[in-house]
Amino acid sequence: MTNECIECGKIFTGRSDKKFCCDMCRNSWHNRHYREERNILSVVNSRLAANRRILENLYCDGRRKVPRALLEEKKFDFAHFTSLEKSSLGRKTYRCYEFSYCSDLRQNITIDKD
């Protein structure tokens, strides 16, 4: 069966469902095709890692309760967390990997580690 490579256009022989003439063309096509998805994931993972570092530094310094303004000053991104837990009373606890944090009515953030 003769096919045309969807990456380089070269004519090749092989199975009828084969789309690429070689591994290099297959890898090039997939790398280009999935680049945008990888970039989005990279941005999210970077923000989560930065949040984790901020929480870890505050926790290791012995600070378990900090004002929200301090986290904002350190560029903590409250929109990115790994999970959210709600208690039966409606209290929300956010998790960023092994660290958890929640806020009280005075905008103080309590940090804990598993």
# chains A, B, ... in the order shown; residues from 1 in each chain; ligands from 1
$ residues_around --residues "stretch 11-17 of chain A" --least-positions-apart "4" --cutoff "9 Å" --atoms "only C-alpha atoms" --output "list in words"
Met1, Thr2, Asn3, Glu4, Cys5 and Cys21 of chain A
$ write_last_selection --atoms "N, CA, C and O atoms" --output "PDB file, in the first residue's frame"
ATOM      1  N   MET A   1       0.849  -1.185   0.000  1.00  0.00           N
ATOM      2  CA  MET A   1       0.000   0.000   0.000  1.00  0.00           C
ATOM      3  C   MET A   1       0.888   1.239   0.000  1.00  0.00           C
ATOM      4  O   MET A   1       1.831   1.337   0.753  1.00  0.00           O
ATOM      5  N   THR A   2       0.581   2.214  -0.830  1.00  0.00           N
ATOM      6  CA  THR A   2       1.335   3.465  -0.888  1.00  0.00           C
ATOM      7  C   THR A   2       0.570   4.551  -0.136  1.00  0.00           C
ATOM      8  O   THR A   2      -0.625   4.712  -0.329  1.00  0.00           O
ATOM      9  N   ASN A   3       1.311   5.261   0.711  1.00  0.00           N
ATOM     10  CA  ASN A   3       0.721   6.330   1.519  1.00  0.00           C
ATOM     11  C   ASN A   3       1.547   7.596   1.364  1.00  0.00           C
ATOM     12  O   ASN A   3       2.700   7.560   0.950  1.00  0.00           O
ATOM     13  N   GLU A   4       0.945   8.729   1.775  1.00  0.00           N
ATOM     14  CA  GLU A   4       1.668   9.996   1.795  1.00  0.00           C
ATOM     15  C   GLU A   4       1.817  10.430   3.246  1.00  0.00           C
ATOM     16  O   GLU A   4       0.836  10.483   3.996  1.00  0.00           O
ATOM     17  N   CYS A   5       3.036  10.743   3.648  1.00  0.00           N
ATOM     18  CA  CYS A   5       3.327  11.175   5.019  1.00  0.00           C
ATOM     19  C   CYS A   5       2.610  12.499   5.293  1.00  0.00           C
ATOM     20  O   CYS A   5       2.725  13.442   4.508  1.00  0.00           O
ATOM     21  N   CYS A  21       6.084   8.543   7.424  1.00  0.00           N
ATOM     22  CA  CYS A  21       7.109   7.753   6.744  1.00  0.00           C
ATOM     23  C   CYS A  21       8.207   7.285   7.703  1.00  0.00           C
ATOM     24  O   CYS A  21       8.868   6.289   7.436  1.00  0.00           O
TER      25      CYS A  21
END
$ residues_around --residues "stretch 38-49 of chain A" --least-positions-apart "4" --cutoff "9 Å" --atoms "only C-alpha atoms" --output "ChimeraX atom specification"
/A:34,53-54,76-77,80-82,96-97
$ residues_around --residues "stretch 56-70 of chain A" --least-positions-apart "4" --cutoff "9 Å" --atoms "only C-alpha atoms" --output "mmCIF file with C-alpha atoms, in the first residue's frame"
data_model
loop_
_atom_site.group_PDB
_atom_site.id
_atom_site.type_symbol
_atom_site.label_atom_id
_atom_site.label_comp_id
_atom_site.auth_asym_id
_atom_site.auth_seq_id
_atom_site.Cartn_x
_atom_site.Cartn_y
_atom_site.Cartn_z
ATOM 1 C CA ASN A 51 2.223 28.628 45.506
ATOM 2 C CA ARG A 52 3.671 25.521 47.133
ATOM 3 C CA LYS A 74 4.536 37.281 47.830
ATOM 4 C CA LYS A 75 2.494 36.884 44.582
ATOM 5 C CA PHE A 76 0.476 33.903 45.841
ATOM 6 C CA PHE A 99 -0.106 22.016 52.243
ATOM 7 C CA SER A 103 -9.075 31.852 55.775
ATOM 8 C CA ARG A 106 -10.403 38.579 59.566
ATOM 9 C CA GLN A 107 -8.678 37.577 56.312
ATOM 10 C CA ASN A 108 -5.986 35.618 58.160
ATOM 11 C CA ILE A 109 -4.779 32.470 56.385
ATOM 12 C CA THR A 110 -4.075 29.367 58.442
ATOM 13 C CA ILE A 111 -1.454 27.066 56.887
ATOM 14 C CA ASP A 112 -1.118 23.376 57.708
ATOM 15 C CA LYS A 113 0.933 20.487 56.353
#
$ select_by_dssp --residues "chain A" --states "strand (DSSP E)" --output "list in words"
Thr2, Asn3, Glu4, Ile11, Phe12, Thr13, Lys65, Val66, Pro67, Ser83, Leu84, Glu85, Lys86, Lys92, Thr93, Tyr94, Arg95, Cys96, Phe99, Ser100, Tyr101, Cys102, Ser103, Asn108, Ile109, Thr110, Ile111, Asp112 and Lys113 of chain A
$ atom_distance --atom1 "atom CA of A:Leu89" --atom2 "atom CA of A:Asp114"
21.7 Å
$ select_by_dssp --residues "stretch 57-110 of chain A" --states "alpha helix (DSSP H)" --output "VMD selection string"
chain A and resid 57 to 60 68 to 73
$ residues_around --residues "A:Trp29" --least-positions-apart "5" --cutoff "12 Å" --atoms "only C-alpha atoms" --output "ChimeraX atom specification"
/A:5-9,19-24,34-35
$ write_last_selection --atoms "N, CA and C atoms" --output "CSV table (one decimal), in the first residue's frame"
chain,number,residue,atom,x,y,z
A,5,CYS,N,3.0,10.7,3.6
A,5,CYS,CA,3.3,11.2,5.0
A,5,CYS,C,2.6,12.5,5.3
A,6,ILE,N,1.9,12.6,6.4
A,6,ILE,CA,1.1,13.8,6.7
A,6,ILE,C,2.0,14.9,7.2
A,7,GLU,N,3.3,14.6,7.5
A,7,GLU,CA,4.2,15.6,8.0
A,7,GLU,C,5.0,16.2,6.8
A,8,CYS,N,5.7,15.3,6.1
A,8,CYS,CA,6.6,15.8,5.0
A,8,CYS,C,6.1,15.7,3.6
A,9,GLY,N,5.0,14.9,3.4
A,9,GLY,CA,4.4,14.7,2.1
A,9,GLY,C,5.1,13.6,1.3
A,19,LYS,N,0.5,6.6,8.9
A,19,LYS,CA,0.4,8.0,8.5
A,19,LYS,C,1.7,8.7,8.3
A,20,PHE,N,2.8,8.2,8.8
A,20,PHE,CA,4.1,8.8,8.8
A,20,PHE,C,5.1,7.9,8.1
A,21,CYS,N,6.1,8.5,7.4
A,21,CYS,CA,7.1,7.8,6.7
A,21,CYS,C,8.2,7.3,7.7
A,22,CYS,N,8.4,8.0,8.8
A,22,CYS,CA,9.5,7.6,9.8
A,22,CYS,C,9.1,8.2,11.2
A,23,ASP,N,9.9,7.8,12.1
A,23,ASP,CA,9.7,8.2,13.5
A,23,ASP,C,10.0,9.7,13.7
A,24,MET,N,10.9,10.3,12.9
A,24,MET,CA,11.2,11.7,13.0
A,24,MET,C,10.0,12.5,12.6
A,34,TYR,N,0.7,19.1,19.8
A,34,TYR,CA,0.4,19.1,21.2
A,34,TYR,C,1.1,20.2,22.0
A,35,ARG,N,1.8,21.1,21.3
A,35,ARG,CA,2.6,22.1,21.9
A,35,ARG,C,1.7,23.1,22.7
$ closest_residue --among "A:Cys25, A:Leu55, A:Ala50, A:Cys102" --to "A:Ser87" --atoms "only C-alpha atoms"
A:Cys102
